[in-house]
file upload_13.txt (compact mmCIF, C-alpha atoms)
# COMPACT_ATOMS: atom_id res chain seq x y z
CA MET A 457 92.24 -27.06 12.32
CA PHE A 458 91.52 -23.52 11.26
CA ASN A 459 90.54 -22.46 7.89
CA PHE A 460 92.45 -19.82 6.12
CA ARG A 461 90.13 -16.95 5.24
CA VAL A 462 89.87 -14.82 2.13
CA ILE A 463 88.24 -11.50 2.90
CA PRO A 464 87.05 -8.73 0.60
CA ILE A 465 87.48 -5.25 2.07
CA LEU A 466 84.74 -2.82 1.14
CA THR A 467 85.69 0.79 1.59
CA ILE A 468 82.78 3.16 2.03
CA CYS A 469 83.02 6.91 1.72
CA GLU A 470 79.92 9.04 2.26
CA GLY A 471 77.57 6.17 1.47
CA LYS A 472 79.36 5.09 -1.69
CA LEU A 473 81.56 2.10 -2.23
CA VAL A 474 84.96 3.33 -3.36
CA LYS A 475 88.34 1.90 -4.15
CA THR A 476 91.30 3.78 -2.76
CA PHE A 477 94.77 3.93 -4.26
CA ASN A 478 97.55 4.31 -1.71
CA PHE A 479 94.79 5.34 0.70
CA ASN A 480 94.34 8.43 -1.35
CA LYS A 481 92.78 8.83 -4.77
CA LYS A 482 89.35 7.21 -4.77
CA SER A 483 87.47 5.56 -7.55
CA TYR A 484 83.71 4.97 -7.40
CA VAL A 485 82.74 1.30 -7.38
CA GLY A 486 79.02 1.21 -6.66
CA ASP A 487 76.34 0.77 -4.09
CA PRO A 488 77.63 -0.86 -0.89
CA ILE A 489 74.48 -2.78 -0.05
CA ASN A 490 74.19 -4.28 -3.52
CA THR A 491 77.80 -5.32 -3.34
CA VAL A 492 77.34 -6.92 0.06
CA ARG A 493 74.40 -8.85 -1.37
CA ILE A 494 76.57 -10.14 -4.22
CA PHE A 495 79.30 -11.29 -1.84
CA ASN A 496 76.68 -12.93 0.34
CA ASP A 497 75.41 -14.91 -2.64
CA LYS A 498 78.98 -16.03 -3.28
CA TYR A 499 79.26 -17.40 0.29
CA VAL A 500 82.12 -15.16 1.24
CA ASP A 501 84.27 -16.20 4.27
CA GLU A 502 83.94 -12.78 5.88
CA LEU A 503 83.59 -9.14 4.87
CA ILE A 504 85.53 -6.18 6.18
CA ILE A 505 83.59 -2.93 5.85
CA LEU A 506 85.59 0.25 6.39
CA ASP A 507 83.75 3.55 6.42
CA ILE A 508 86.69 5.86 5.82
CA SER A 509 84.74 9.10 5.86
CA LYS A 510 83.72 8.68 9.50
CA SER A 511 86.97 8.99 11.35
CA ILE A 512 88.40 11.65 9.08
CA LEU A 513 85.38 13.85 9.80
CA SER A 514 85.08 12.64 13.41
CA LEU A 515 81.60 11.26 12.81
CA GLU A 516 79.90 8.36 14.54
CA PRO A 517 79.22 5.12 12.68
CA ASP A 518 76.04 5.19 10.59
CA PHE A 519 74.14 2.60 12.58
CA ASP A 520 71.07 2.42 10.35
CA TYR A 521 73.22 1.84 7.33
CA ILE A 522 75.26 -0.83 9.07
CA LYS A 523 72.02 -2.48 10.09
CA SER A 524 70.96 -2.74 6.44
CA ILE A 525 74.34 -4.14 5.52
CA CYS A 526 74.17 -6.77 8.26
CA SER A 527 70.71 -7.86 7.24
CA GLU A 528 72.06 -8.68 3.77
CA CYS A 529 74.95 -10.84 4.86
CA PHE A 530 75.05 -14.24 6.52
CA SER A 531 78.80 -14.38 6.79
CA PRO A 532 80.74 -12.63 9.56
CA ILE A 533 80.99 -8.86 9.16
CA THR A 534 83.91 -6.90 10.52
CA TYR A 535 83.29 -3.16 10.68
CA GLY A 536 85.57 -0.19 11.14
CA GLY A 537 85.10 3.57 10.97
CA GLY A 538 84.28 6.19 13.56
CA VAL A 539 84.24 3.81 16.51
CA THR A 540 85.48 5.71 19.53
CA LYS A 541 83.18 4.71 22.38
CA ILE A 542 82.18 1.52 24.16
CA ASP A 543 78.62 2.55 23.50
CA HIS A 544 79.29 2.45 19.73
CA CYS A 545 80.61 -1.07 20.04
CA GLU A 546 77.60 -2.27 22.00
CA LYS A 547 75.29 -0.96 19.30
CA LEU A 548 77.35 -2.48 16.50
CA PHE A 549 77.39 -5.93 18.08
CA GLU A 550 73.66 -5.75 18.60
CA LEU A 551 73.18 -4.98 14.92
CA GLY A 552 75.05 -8.14 14.02
CA VAL A 553 78.60 -6.91 13.52
CA GLU A 554 80.98 -9.71 14.48
CA LYS A 555 84.24 -7.84 14.98
CA ILE A 556 85.28 -4.22 15.11
CA VAL A 557 88.31 -2.76 13.39
CA LEU A 558 90.06 -0.13 15.45
CA ASN A 559 92.78 2.06 14.17
CA ASN A 560 92.66 5.73 14.99
CA VAL A 561 92.14 5.24 18.68
CA LEU A 562 95.54 3.61 18.57
CA PHE A 563 97.07 7.02 18.33
CA GLU A 564 95.01 8.44 21.11
CA ASP A 565 93.46 6.15 23.59
CA PHE A 566 95.07 2.91 24.66
CA ASN A 567 92.69 2.82 27.63
CA PHE A 568 89.72 2.54 25.33
CA LEU A 569 91.32 -0.49 23.72
CA LYS A 570 91.98 -2.14 27.04
CA GLU A 571 88.44 -1.48 28.15
CA PHE A 572 87.16 -2.90 24.88
CA VAL A 573 89.01 -6.16 25.43
CA LYS A 574 87.78 -6.35 29.00
CA ILE A 575 84.15 -5.90 28.03
CA PHE A 576 83.87 -7.65 24.67
CA GLY A 577 86.86 -9.98 24.66
CA SER A 578 89.88 -10.14 22.40
CA GLN A 579 88.09 -12.07 19.71
CA SER A 580 85.88 -9.08 18.91
CA MET A 581 88.77 -6.76 18.16
CA VAL A 582 90.75 -6.39 14.96
CA LEU A 583 93.51 -3.84 15.28
CA SER A 584 94.44 -2.38 11.98
CA LEU A 585 97.98 -1.23 11.38
CA ASN A 586 98.45 0.79 8.24
CA ILE A 587 102.03 0.33 7.21
CA PHE A 588 104.26 2.11 4.76
CA TYR A 589 107.50 0.70 3.39
CA GLU A 590 110.18 3.31 2.93
CA ASN A 591 113.99 3.22 2.99
CA ASN A 592 114.09 -0.45 3.88
CA GLU A 593 111.89 0.04 6.89
CA TYR A 594 108.22 -0.35 7.76
CA TYR A 595 106.55 2.67 9.33
CA ILE A 596 103.08 3.29 10.70
CA TYR A 597 100.94 5.43 8.45
CA ASP A 598 98.43 7.92 9.84
CA TYR A 599 95.63 8.05 7.30
CA ARG A 600 93.82 10.99 8.81
CA LYS A 601 96.81 13.24 8.50
CA LYS A 602 97.93 11.34 5.40
CA ILE A 603 101.46 11.10 6.64
CA VAL A 604 103.99 8.39 7.21
CA THR A 605 104.83 8.67 10.90
CA ASN A 606 108.30 8.02 12.25
CA ILE A 607 106.98 5.11 14.31
CA LYS A 608 108.64 1.88 13.26
CA LEU A 609 106.34 -1.11 12.91
CA LYS A 610 108.61 -3.47 14.74
CA ASN A 611 108.76 -1.44 17.94
CA TYR A 612 105.12 -0.50 17.75
CA PHE A 613 104.02 -4.07 17.29
CA GLU A 614 105.31 -5.07 20.69
CA ASP A 615 103.32 -2.29 22.35
CA ILE A 616 100.23 -3.29 20.44
CA LEU A 617 100.43 -6.87 21.65
CA LYS A 618 100.05 -5.64 25.22
CA ILE A 619 96.48 -4.65 24.38
CA ASN A 620 95.83 -8.29 23.55
CA PRO A 621 93.83 -7.80 20.34
CA GLY A 622 92.18 -10.80 18.68
CA GLU A 623 93.66 -10.17 15.27
CA ILE A 624 95.85 -7.70 13.48
CA LEU A 625 95.09 -6.36 10.04
CA LEU A 626 98.34 -5.37 8.39
CA TYR A 627 97.42 -3.04 5.59
CA SER A 628 100.16 -1.96 3.22
CA VAL A 629 99.41 1.61 2.18
CA ASP A 630 102.10 1.78 -0.49
CA ARG A 631 100.60 -1.29 -2.17
CA ASP A 632 96.92 -0.39 -1.75
CA GLY A 633 95.24 -0.44 -5.17
CA SER A 634 98.51 -1.32 -6.88
CA ASN A 635 99.36 -4.46 -8.75
CA LYS A 636 102.51 -5.04 -6.77
CA GLY A 637 101.13 -8.02 -4.91
CA LEU A 638 100.94 -8.64 -1.18
CA ASP A 639 103.85 -7.55 0.95
CA PHE A 640 105.04 -10.88 2.31
CA LYS A 641 108.33 -9.37 3.36
CA VAL A 642 106.72 -7.65 6.33
CA LEU A 643 106.08 -11.06 7.85
CA GLU A 644 109.81 -11.61 8.26
CA ILE A 645 109.95 -8.61 10.53
CA LEU A 646 107.16 -9.92 12.71
CA GLU A 647 108.50 -13.44 12.88
CA ASN A 648 108.99 -14.70 16.42
CA THR A 649 106.90 -11.87 17.80
CA SER A 650 103.82 -13.84 18.73
CA ASN A 651 101.15 -16.17 17.51
CA ILE A 652 98.61 -13.45 17.06
CA PRO A 653 96.37 -14.03 14.03
CA LEU A 654 97.42 -11.84 11.13
CA ILE A 655 95.43 -10.64 8.15
CA LEU A 656 97.55 -9.26 5.33
CA ALA A 657 96.09 -6.67 2.96
CA GLY A 658 97.22 -4.26 0.28
CA GLY A 659 98.16 -5.20 -3.26
CA LEU A 660 96.45 -8.58 -3.58
CA ASN A 661 96.14 -9.10 -7.31
CA ASN A 662 95.87 -12.76 -8.18
CA TYR A 663 94.71 -16.12 -6.95
CA ASP A 664 98.21 -17.62 -6.73
CA GLU A 665 99.06 -15.04 -4.09
CA ILE A 666 96.20 -16.32 -1.97
CA LEU A 667 97.61 -19.84 -2.21
CA LYS A 668 101.03 -18.50 -1.35
CA ALA A 669 99.65 -16.59 1.65
CA LYS A 670 97.99 -19.74 2.89
CA LYS A 671 101.39 -21.40 3.21
CA LYS A 672 102.77 -18.49 5.21
CA LYS A 673 102.11 -17.71 8.84
CA LEU A 674 98.89 -15.92 8.03
CA ASP A 675 95.31 -16.46 9.10
CA ALA A 676 93.74 -14.54 6.29
CA VAL A 677 94.33 -12.32 3.31
CA ALA A 678 92.16 -9.37 2.49
CA GLY A 679 91.83 -7.31 -0.63
CA SER A 680 89.65 -4.73 -2.22
CA TYR A 681 90.82 -4.16 -5.78
CA PHE A 682 91.07 -7.87 -6.48
CA PHE A 683 87.42 -8.42 -5.54
CA THR A 684 85.89 -5.29 -7.01
CA MET A 685 87.87 -4.25 -10.08
CA HIS A 686 89.98 -5.61 -12.87
CA GLY A 687 92.01 -4.69 -15.91
CA LYS A 688 94.07 -1.67 -16.77
CA PHE A 689 91.03 0.59 -17.01
CA ASN A 690 89.94 -0.34 -13.48
CA SER A 691 86.65 -1.75 -14.71
CA ILE A 692 84.24 -2.73 -12.00
CA LEU A 693 83.82 -6.45 -11.48
CA ILE A 694 82.56 -7.85 -8.20
CA SER A 695 84.01 -11.32 -7.86
CA TYR A 696 85.00 -13.88 -5.27
CA LEU A 697 86.61 -17.29 -5.32
CA ASN A 698 84.74 -19.94 -7.26
CA ALA A 699 83.60 -23.19 -5.62
CA LYS A 700 86.68 -25.08 -6.78
CA GLN A 701 89.03 -22.43 -5.41
CA ILE A 702 87.19 -22.34 -2.10
CA GLU A 703 87.65 -26.09 -1.80
CA GLN A 704 91.33 -25.75 -2.66
CA ILE A 705 91.85 -23.05 -0.03
CA ARG A 706 90.20 -25.20 2.61
CA GLU A 707 92.19 -28.35 1.91
CA MET B 273 56.83 -18.84 15.79
CA ILE B 274 60.39 -18.94 17.06
CA SER B 275 61.28 -17.02 20.21
CA ILE B 276 64.73 -15.60 20.71
CA LEU B 277 65.54 -14.77 24.31
CA LYS B 278 67.39 -11.51 24.54
CA LEU B 279 70.39 -12.03 26.76
CA LYS B 280 72.71 -9.31 27.93
CA SER B 281 75.03 -8.24 25.10
CA GLY B 282 73.54 -10.88 22.84
CA ASN B 283 73.82 -10.53 19.13
CA ILE B 284 70.21 -11.10 18.32
CA SER B 285 69.95 -9.51 14.91
CA SER B 286 71.98 -12.06 12.99
CA VAL B 287 69.93 -14.98 14.23
CA GLU B 288 66.73 -13.08 13.64
CA ASN B 289 67.83 -12.05 10.14
CA MET B 290 68.69 -15.54 9.06
CA LEU B 291 65.46 -17.06 10.37
CA LYS B 292 63.43 -14.36 8.65
CA PHE B 293 65.39 -14.92 5.46
CA LEU B 294 64.46 -18.60 5.71
CA GLY B 295 60.82 -17.60 6.00
CA TYR B 296 60.08 -18.08 9.69
CA ASN B 297 58.24 -15.83 12.10
CA VAL B 298 60.49 -14.64 14.87
CA GLN B 299 59.92 -12.73 18.07
CA ILE B 300 62.40 -11.31 20.51
CA ILE B 301 61.43 -12.04 24.09
CA THR B 302 62.83 -10.61 27.30
CA ASN B 303 60.71 -11.70 30.27
CA LYS B 304 59.23 -14.63 32.12
CA SER B 305 55.68 -14.46 30.81
CA GLU B 306 56.87 -14.33 27.21
CA LEU B 307 59.28 -17.13 27.90
CA LEU B 308 56.54 -19.37 29.26
CA LYS B 309 54.64 -19.02 25.99
CA ALA B 310 57.61 -19.94 23.78
CA LYS B 311 57.02 -22.91 21.50
CA LYS B 312 60.50 -23.00 20.04
CA LEU B 313 63.33 -21.22 21.76
CA ILE B 314 66.75 -19.90 20.83
CA LEU B 315 69.32 -18.78 23.38
CA PRO B 316 71.89 -16.68 21.54
CA GLY B 317 74.66 -14.79 23.25
CA ILE B 318 78.11 -13.42 23.26
CA GLY B 319 79.74 -12.10 26.41
CA SER B 320 80.91 -14.03 29.42
CA PHE B 321 79.40 -17.00 31.22
CA TYR B 322 79.23 -15.21 34.54
CA GLU B 323 77.61 -12.10 33.08
CA THR B 324 75.06 -14.11 31.19
CA MET B 325 74.06 -16.26 34.17
CA ASN B 326 74.00 -13.21 36.39
CA TYR B 327 71.68 -11.48 33.94
CA LEU B 328 69.34 -14.48 33.94
CA LYS B 329 69.41 -14.53 37.72
CA GLN B 330 68.66 -10.84 38.06
CA ASN B 331 65.73 -11.19 35.70
CA ASP B 332 64.49 -14.28 37.50
CA LEU B 333 64.66 -16.44 34.40
CA ILE B 334 66.76 -19.40 35.52
CA GLU B 335 64.02 -21.61 36.96
CA THR B 336 61.66 -20.78 34.12
CA LEU B 337 64.28 -21.78 31.58
CA LYS B 338 64.89 -25.07 33.37
CA LEU B 339 61.18 -25.74 33.55
CA LEU B 340 60.77 -24.99 29.88
CA ILE B 341 63.63 -27.15 28.76
CA LEU B 342 63.42 -30.07 31.19
CA LYS B 343 59.73 -30.36 31.97
CA ASN B 344 57.83 -28.71 29.13
CA GLU B 345 60.31 -30.10 26.62
CA VAL B 346 60.28 -26.97 24.51
CA PRO B 347 62.65 -27.46 21.56
CA THR B 348 65.61 -25.25 22.40
CA LEU B 349 68.78 -24.23 20.64
CA GLY B 350 71.66 -22.59 22.49
CA ILE B 351 74.22 -20.83 20.31
CA CYS B 352 77.77 -20.12 21.50
CA MET B 353 77.35 -18.67 25.03
CA GLY B 354 73.76 -19.86 24.74
CA MET B 355 75.17 -23.37 24.53
CA GLN B 356 77.75 -22.93 27.26
CA ILE B 357 75.17 -21.89 29.85
CA LEU B 358 73.42 -25.23 29.24
CA LEU B 359 76.37 -26.83 31.07
CA SER B 360 76.93 -26.91 34.82
CA SER B 361 79.69 -24.30 35.16
CA SER B 362 82.59 -22.58 33.43
CA GLU B 363 86.14 -21.54 34.18
CA GLU B 364 85.27 -18.09 32.84
CA GLY B 365 84.89 -15.32 35.42
CA ASP B 366 83.83 -15.82 39.02
CA PHE B 367 82.30 -19.18 39.74
CA CYS B 368 78.60 -19.51 39.13
CA GLU B 369 76.31 -22.34 38.26
CA GLY B 370 74.99 -22.79 34.74
CA LEU B 371 71.58 -24.14 33.80
CA SER B 372 73.00 -27.65 34.27
CA ILE B 373 70.95 -29.26 31.54
CA PHE B 374 74.17 -31.17 30.89
CA PRO B 375 76.46 -32.04 33.83
CA GLU B 376 79.81 -31.27 32.16
CA LYS B 377 81.87 -28.11 32.62
CA ILE B 378 83.23 -25.46 30.28
CA LYS B 379 87.00 -25.01 30.27
CA LYS B 380 89.43 -22.45 28.93
CA PHE B 381 91.51 -23.30 25.89
CA ASP B 382 95.13 -23.85 26.83
CA LYS B 383 97.45 -21.50 24.96
CA ASN B 384 100.07 -24.23 24.80
CA PHE B 385 97.89 -26.42 22.60
CA SER B 386 95.28 -24.20 21.06
CA LYS B 387 94.71 -20.87 19.46
CA VAL B 388 93.01 -18.57 21.92
CA PRO B 389 90.56 -17.20 21.01
CA HIS B 390 89.41 -19.78 18.52
CA VAL B 391 88.02 -17.54 15.82
CA GLY B 392 87.19 -18.42 12.28
CA TRP B 393 85.81 -21.17 10.10
CA ASN B 394 86.37 -24.71 11.20
CA LYS B 395 85.43 -28.18 10.08
CA LEU B 396 82.94 -30.39 11.88
CA GLU B 397 83.35 -34.09 12.43
CA ILE B 398 79.75 -35.18 12.63
CA LEU B 399 79.01 -38.16 14.87
CA ASN B 400 75.24 -37.92 15.17
CA SER B 401 72.17 -36.15 13.78
CA GLU B 402 73.54 -35.92 10.22
CA GLU B 403 70.18 -34.53 9.13
CA MET B 404 71.12 -31.17 10.67
CA PHE B 405 73.94 -30.74 8.19
CA LEU B 406 74.53 -30.53 4.48
CA ASN B 407 75.58 -33.77 2.92
CA GLU B 408 79.19 -32.72 2.38
CA LYS B 409 82.10 -31.46 4.44
CA ASN B 410 80.64 -28.90 6.85
CA TYR B 411 82.31 -25.68 7.94
CA PHE B 412 81.00 -23.32 10.56
CA TYR B 413 82.09 -20.01 11.99
CA PHE B 414 83.42 -20.04 15.55
CA SER B 415 84.41 -17.33 17.99
CA HIS B 416 85.18 -18.37 21.57
CA SER B 417 87.93 -18.84 24.15
CA TYR B 418 86.20 -21.38 26.39
CA PHE B 419 85.14 -24.81 25.27
CA LEU B 420 83.54 -28.11 26.09
CA GLU B 421 86.20 -30.76 26.38
CA GLU B 422 84.18 -33.91 26.76
CA MET B 423 80.69 -35.23 27.06
CA SER B 424 79.01 -38.59 27.13
CA SER B 425 79.21 -39.75 23.56
CA ASN B 426 75.50 -40.18 22.87
CA ASN B 427 75.01 -36.47 23.52
CA ILE B 428 77.70 -35.35 21.11
CA ILE B 429 76.59 -34.18 17.70
CA SER B 430 79.96 -33.04 16.41
CA LEU B 431 83.60 -32.57 17.27
CA SER B 432 85.99 -29.94 15.95
CA GLU B 433 89.64 -29.32 16.47
CA ASN B 434 91.61 -26.44 17.92
CA GLY B 435 94.98 -27.96 18.71
CA LYS B 436 93.06 -30.83 20.16
CA LYS B 437 89.54 -32.05 19.71
CA PHE B 438 86.62 -30.42 21.44
CA VAL B 439 82.86 -30.83 21.40
CA SER B 440 81.36 -28.39 18.92
CA SER B 441 77.69 -29.34 19.19
CA ILE B 442 75.56 -31.32 21.61
CA ARG B 443 72.07 -32.70 21.88
CA LYS B 444 69.77 -34.23 24.45
CA LYS B 445 66.14 -34.87 23.58
CA ASN B 446 64.67 -31.42 22.97
CA VAL B 447 67.87 -29.43 23.41
CA ILE B 448 70.64 -28.63 20.98
CA GLY B 449 73.75 -26.64 21.79
CA ALA B 450 76.06 -25.29 19.11
CA GLN B 451 79.41 -23.75 19.95
CA PHE B 452 79.57 -22.36 16.42
CA HIS B 453 77.44 -19.60 14.92
CA PRO B 454 75.00 -20.99 12.35
CA GLU B 455 73.73 -17.43 11.80
CA LYS B 456 77.19 -16.42 10.51
CA SER B 457 77.83 -19.59 8.53
CA HIS B 458 75.91 -18.88 5.32
CA ARG B 459 74.70 -22.02 3.54
CA TYR B 460 75.78 -24.41 6.32
CA GLY B 461 73.89 -22.27 8.79
CA PHE B 462 70.81 -22.06 6.53
CA HIS B 463 70.50 -25.82 6.62
CA PHE B 464 71.13 -26.09 10.35
CA LEU B 465 68.67 -23.38 11.41
CA ASP B 466 66.10 -24.53 8.89
CA TYR B 467 66.26 -28.00 10.38
CA PHE B 468 65.88 -26.64 13.89
CA ALA B 469 62.98 -24.40 12.93
CA LYS B 470 61.09 -26.90 10.84
CA GLU B 471 61.86 -30.43 11.95
CA PHE B 472 63.56 -30.54 15.30
CA TYR B 473 61.54 -32.19 18.07
CA VAL B 474 58.11 -31.62 16.59

call {"tool": "encode", "arguments": {"input": "upload_13.txt", "output": "structure tokens"}}
result
Amino acid sequence: MFNFRVIPILTICEGKLVKTFNFNKKSYVGDPINTVRIFNDKYVDELIILDISKSILSLEPDFDYIKSICSECFSPITYGGGVTKIDHCEKLFELGVEKIVLNNVLFEDFNFLKEFVKIFGSQSMVLSLNIFYENNEYYIYDYRKKIVTNIKLKNYFEDILKINPGEILLYSVDRDGSNKGLDFKVLEILENTSNIPLILAGGLNNYDEILKAKKKKLDAVAGSYFFTMHGKFNSILISYLNAKQIEQIRE
Amino acid sequence: MISILKLKSGNISSVENMLKFLGYNVQIITNKSELLKAKKLILPGIGSFYETMNYLKQNDLIETLKLLILKNEVPTLGICMGMQILLSSSEEGDFCEGLSIFPEKIKKFDKNFSKVPHVGWNKLEILNSEEMFLNEKNYFYFSHSYFLEEMSSNNIISLSENGKKFVSSIRKKNVIGAQFHPEKSHRYGFHFLDYFAKEFYV
């Protein structure tokens, strides 16, 4: 049966690899292409590349740059950032992108999402839901406006499923860059909703959590801090699972 | 020289990148005359069965492909949709005939038994042609909703499981079909594509 995946998220802002904290404060990590090369050498399961400067500034994806990234990586690459047109998606797939993360269009254009699924199929779409836990409730976070919306995850989730996305990336904004650990509690809310593949992200900070996630109803975990930084001074350290851990995850 | 046939909405770059990384010369081909000169051929492809076959039809490539594979015995590898079109038909989209190199049909995964789409890394149970794989447990990256349920056993290279078993790679003389994506499967894919490029049917 399926293999649980462990996915580094690389956040790019204006050509630099950065680490965000609560989707806000950014810390410089290094050169994206070098980092992709390192993960490629470590036989990473998959990489999620999010260019966060694109959608905030309403820019198109940087196709040349993505092309260089794809030529450095022989694992599946999932890309998000500034994708608003079918034409963008066509180009990205041709460059070697495997899946596209869509988020902002969620707020604007459900038709685009439906068209996407019709043309490229569900398996090419990862819908990302940025979530914020507040007053015992999960809300959708709008990262362009940097506000917690009043949309409740639970209600929203049912609408989202109608689009028929291939996977959902649940990204906990309040845990992003923290050492609070993954937010497993959110899974309770989504229990019995569907069998849609879920990727949980935000707060991943140790290997035991990955093992724990594997036992839950999750298809993958993703993290950025855990794979790019460590220690209380946020020192930069690009790392991935070692061979023994990979074997353990796959068992 | 390895020729990759550009199919509609095919992800050509990844295959091209990996072959180049492995040290092979690669060319992207699009038409009949280029196709006829191919010495080693790869059919990549994402997108739907119907769209892909329709594209081949519109570009008058179907008979040439059959000639190349069946008569000229050009070593050929079909990846994902490139494998599925080697079969006779598919449940995907309006009915149309495939290249029919193999007589079996492509079916849709049943949501009651299987995850649909089947996306991610999965194990291979290798029944034949071990030399195409690393000498250890092999994992490959998959992404598809339609699958090959059965096939005469001497043409099966490997089986995988998505709720129930399905055929994940096939072979007949000079043709290999892989439902998985070697070009996205790092070291497992290196070995597989290297074998195809260097040793397969030479």

call {"tool": "interface_residues", "arguments": {"input": "upload_13.txt", "of": "chain A", "to": "chain B", "cutoff": "9 Å", "atoms": "only C-alpha atoms", "output": "ChimeraX atom specification"}}
result
/A:457-461,496-497,499-502,523,526-533,546,549-554,575-580,622,651-653,675

call {"tool": "atom_distance", "arguments": {"input": "upload_13.txt", "atom1": "atom CA of A:Lys574", "atom2": "atom CA of A:Asp518"}}
result
24.7 Å

call {"tool": "residues_around", "arguments": {"input": "upload_13.txt", "residues": "A:Tyr535", "least_positions_apart": "3", "cutoff": "7 Å", "atoms": "all atoms listed in the file", "output": "compact mmCIF listing (two decimals) with C-alpha atoms, in the coordinates of the input"}}
result
# COMPACT_ATOMS: atom_id res chain seq x y z
CA ILE A 504 85.53 -6.18 6.18
CA ILE A 505 83.59 -2.93 5.85
CA LEU A 506 85.59 0.25 6.39
CA VAL A 553 78.60 -6.91 13.52
CA LYS A 555 84.24 -7.84 14.98
CA ILE A 556 85.28 -4.22 15.11
CA VAL A 557 88.31 -2.76 13.39

call {"tool": "atom_distance", "arguments": {"input": "upload_13.txt", "atom1": "atom CA of B:Glu323", "atom2": "atom CA of A:Leu503"}}
result
29.0 Å

call {"tool": "atom_distance", "arguments": {"input": "upload_13.txt", "atom1": "atom CA of A:Ile666", "atom2": "atom CA of A:Val629"}}
result
18.7 Å

call {"tool": "residues_around", "arguments": {"input": "upload_13.txt", "residues": "B:Tyr467", "least_positions_apart": "6", "cutoff": "10 Å", "atoms": "all atoms listed in the file", "output": "PDB file with C-alpha atoms, in the frame of the given file"}}
result
ATOM      1  CA  GLU B 403      70.180 -34.530   9.130  1.00  0.00           C
ATOM      2  CA  MET B 404      71.120 -31.170  10.670  1.00  0.00           C
ATOM      3  CA  PHE B 405      73.940 -30.740   8.190  1.00  0.00           C
ATOM      4  CA  GLY B 461      73.890 -22.270   8.790  1.00  0.00           C
ATOM      5  CA  TYR B 473      61.540 -32.190  18.070  1.00  0.00           C
TER       6      TYR B 473
END

call {"tool": "closest_residue", "arguments": {"input": "upload_13.txt", "among": "B:Leu340, B:Ile357, B:Ile428, B:Leu328", "to": "B:Lys280", "atoms": "only C-alpha atoms"}}
result
B:Leu328

call {"tool": "closest_residue", "arguments": {"input": "upload_13.txt", "among": "A:Lys481, A:His544, A:Lys475, A:Arg600", "to": "A:Ser511", "atoms": "all atoms listed in the file"}}
result
A:Arg600

call {"tool": "residues_around", "arguments": {"input": "upload_13.txt", "residues": "B:Asn446", "least_positions_apart": "2", "cutoff": "10 Å", "atoms": "all atoms listed in the file", "output": "number ranges by chain"}}
result
B: 312, 341-342, 344-349, 443-444, 448, 472-474

call {"tool": "residues_around", "arguments": {"input": "upload_13.txt", "residues": "A:Leu660", "least_positions_apart": "5", "cutoff": "12 Å", "atoms": "only C-alpha atoms", "output": "PDB file with C-alpha atoms, in the frame of the given file"}}
result
ATOM      1  CA  VAL A 462      89.870 -14.820   2.130  1.00  0.00           C
ATOM      2  CA  ILE A 463      88.240 -11.500   2.900  1.00  0.00           C
ATOM      3  CA  PRO A 464      87.050  -8.730   0.600  1.00  0.00           C
ATOM      4  CA  ILE A 465      87.480  -5.250   2.070  1.00  0.00           C
ATOM      5  CA  TYR A 627      97.420  -3.040   5.590  1.00  0.00           C
ATOM      6  CA  SER A 628     100.160  -1.960   3.220  1.00  0.00           C
ATOM      7  CA  ARG A 631     100.600  -1.290  -2.170  1.00  0.00           C
ATOM      8  CA  ASP A 632      96.920  -0.390  -1.750  1.00  0.00           C
ATOM      9  CA  GLY A 633      95.240  -0.440  -5.170  1.00  0.00           C
ATOM     10  CA  SER A 634      98.510  -1.320  -6.880  1.00  0.00           C
ATOM     11  CA  ASN A 635      99.360  -4.460  -8.750  1.00  0.00           C
ATOM     12  CA  LYS A 636     102.510  -5.040  -6.770  1.00  0.00           C
ATOM     13  CA  GLY A 637     101.130  -8.020  -4.910  1.00  0.00           C
ATOM     14  CA  LEU A 638     100.940  -8.640  -1.180  1.00  0.00           C
ATOM     15  CA  ASP A 639     103.850  -7.550   0.950  1.00  0.00           C
ATOM     16  CA  PHE A 640     105.040 -10.880   2.310  1.00  0.00           C
ATOM     17  CA  ILE A 655      95.430 -10.640   8.150  1.00  0.00           C
ATOM     18  CA  GLU A 665      99.060 -15.040  -4.090  1.00  0.00           C
ATOM     19  CA  ILE A 666      96.200 -16.320  -1.970  1.00  0.00           C
ATOM     20  CA  LEU A 667      97.610 -19.840  -2.210  1.00  0.00           C
ATOM     21  CA  LYS A 668     101.030 -18.500  -1.350  1.00  0.00           C
ATOM     22  CA  ALA A 669      99.650 -16.590   1.650  1.00  0.00           C
ATOM     23  CA  ALA A 676      93.740 -14.540   6.290  1.00  0.00           C
ATOM     24  CA  VAL A 677      94.330 -12.320   3.310  1.00  0.00           C
ATOM     25  CA  ALA A 678      92.160  -9.370   2.490  1.00  0.00           C
ATOM     26  CA  GLY A 679      91.830  -7.310  -0.630  1.00  0.00           C
ATOM     27  CA  SER A 680      89.650  -4.730  -2.220  1.00  0.00           C
ATOM     28  CA  TYR A 681      90.820  -4.160  -5.780  1.00  0.00           C
ATOM     29  CA  PHE A 682      91.070  -7.870  -6.480  1.00  0.00           C
ATOM     30  CA  PHE A 683      87.420  -8.420  -5.540  1.00  0.00           C
ATOM     31  CA  THR A 684      85.890  -5.290  -7.010  1.00  0.00           C
ATOM     32  CA  MET A 685      87.870  -4.250 -10.080  1.00  0.00           C
ATOM     33  CA  HIS A 686      89.980  -5.610 -12.870  1.00  0.00           C
TER      34      HIS A 686
END

call {"tool": "closest_residue", "arguments": {"input": "upload_13.txt", "among": "B:Lys304, B:Lys379, B:Lys338, B:Lys329", "to": "B:Glu421", "atoms": "all atoms listed in the file"}}
result
B:Lys379
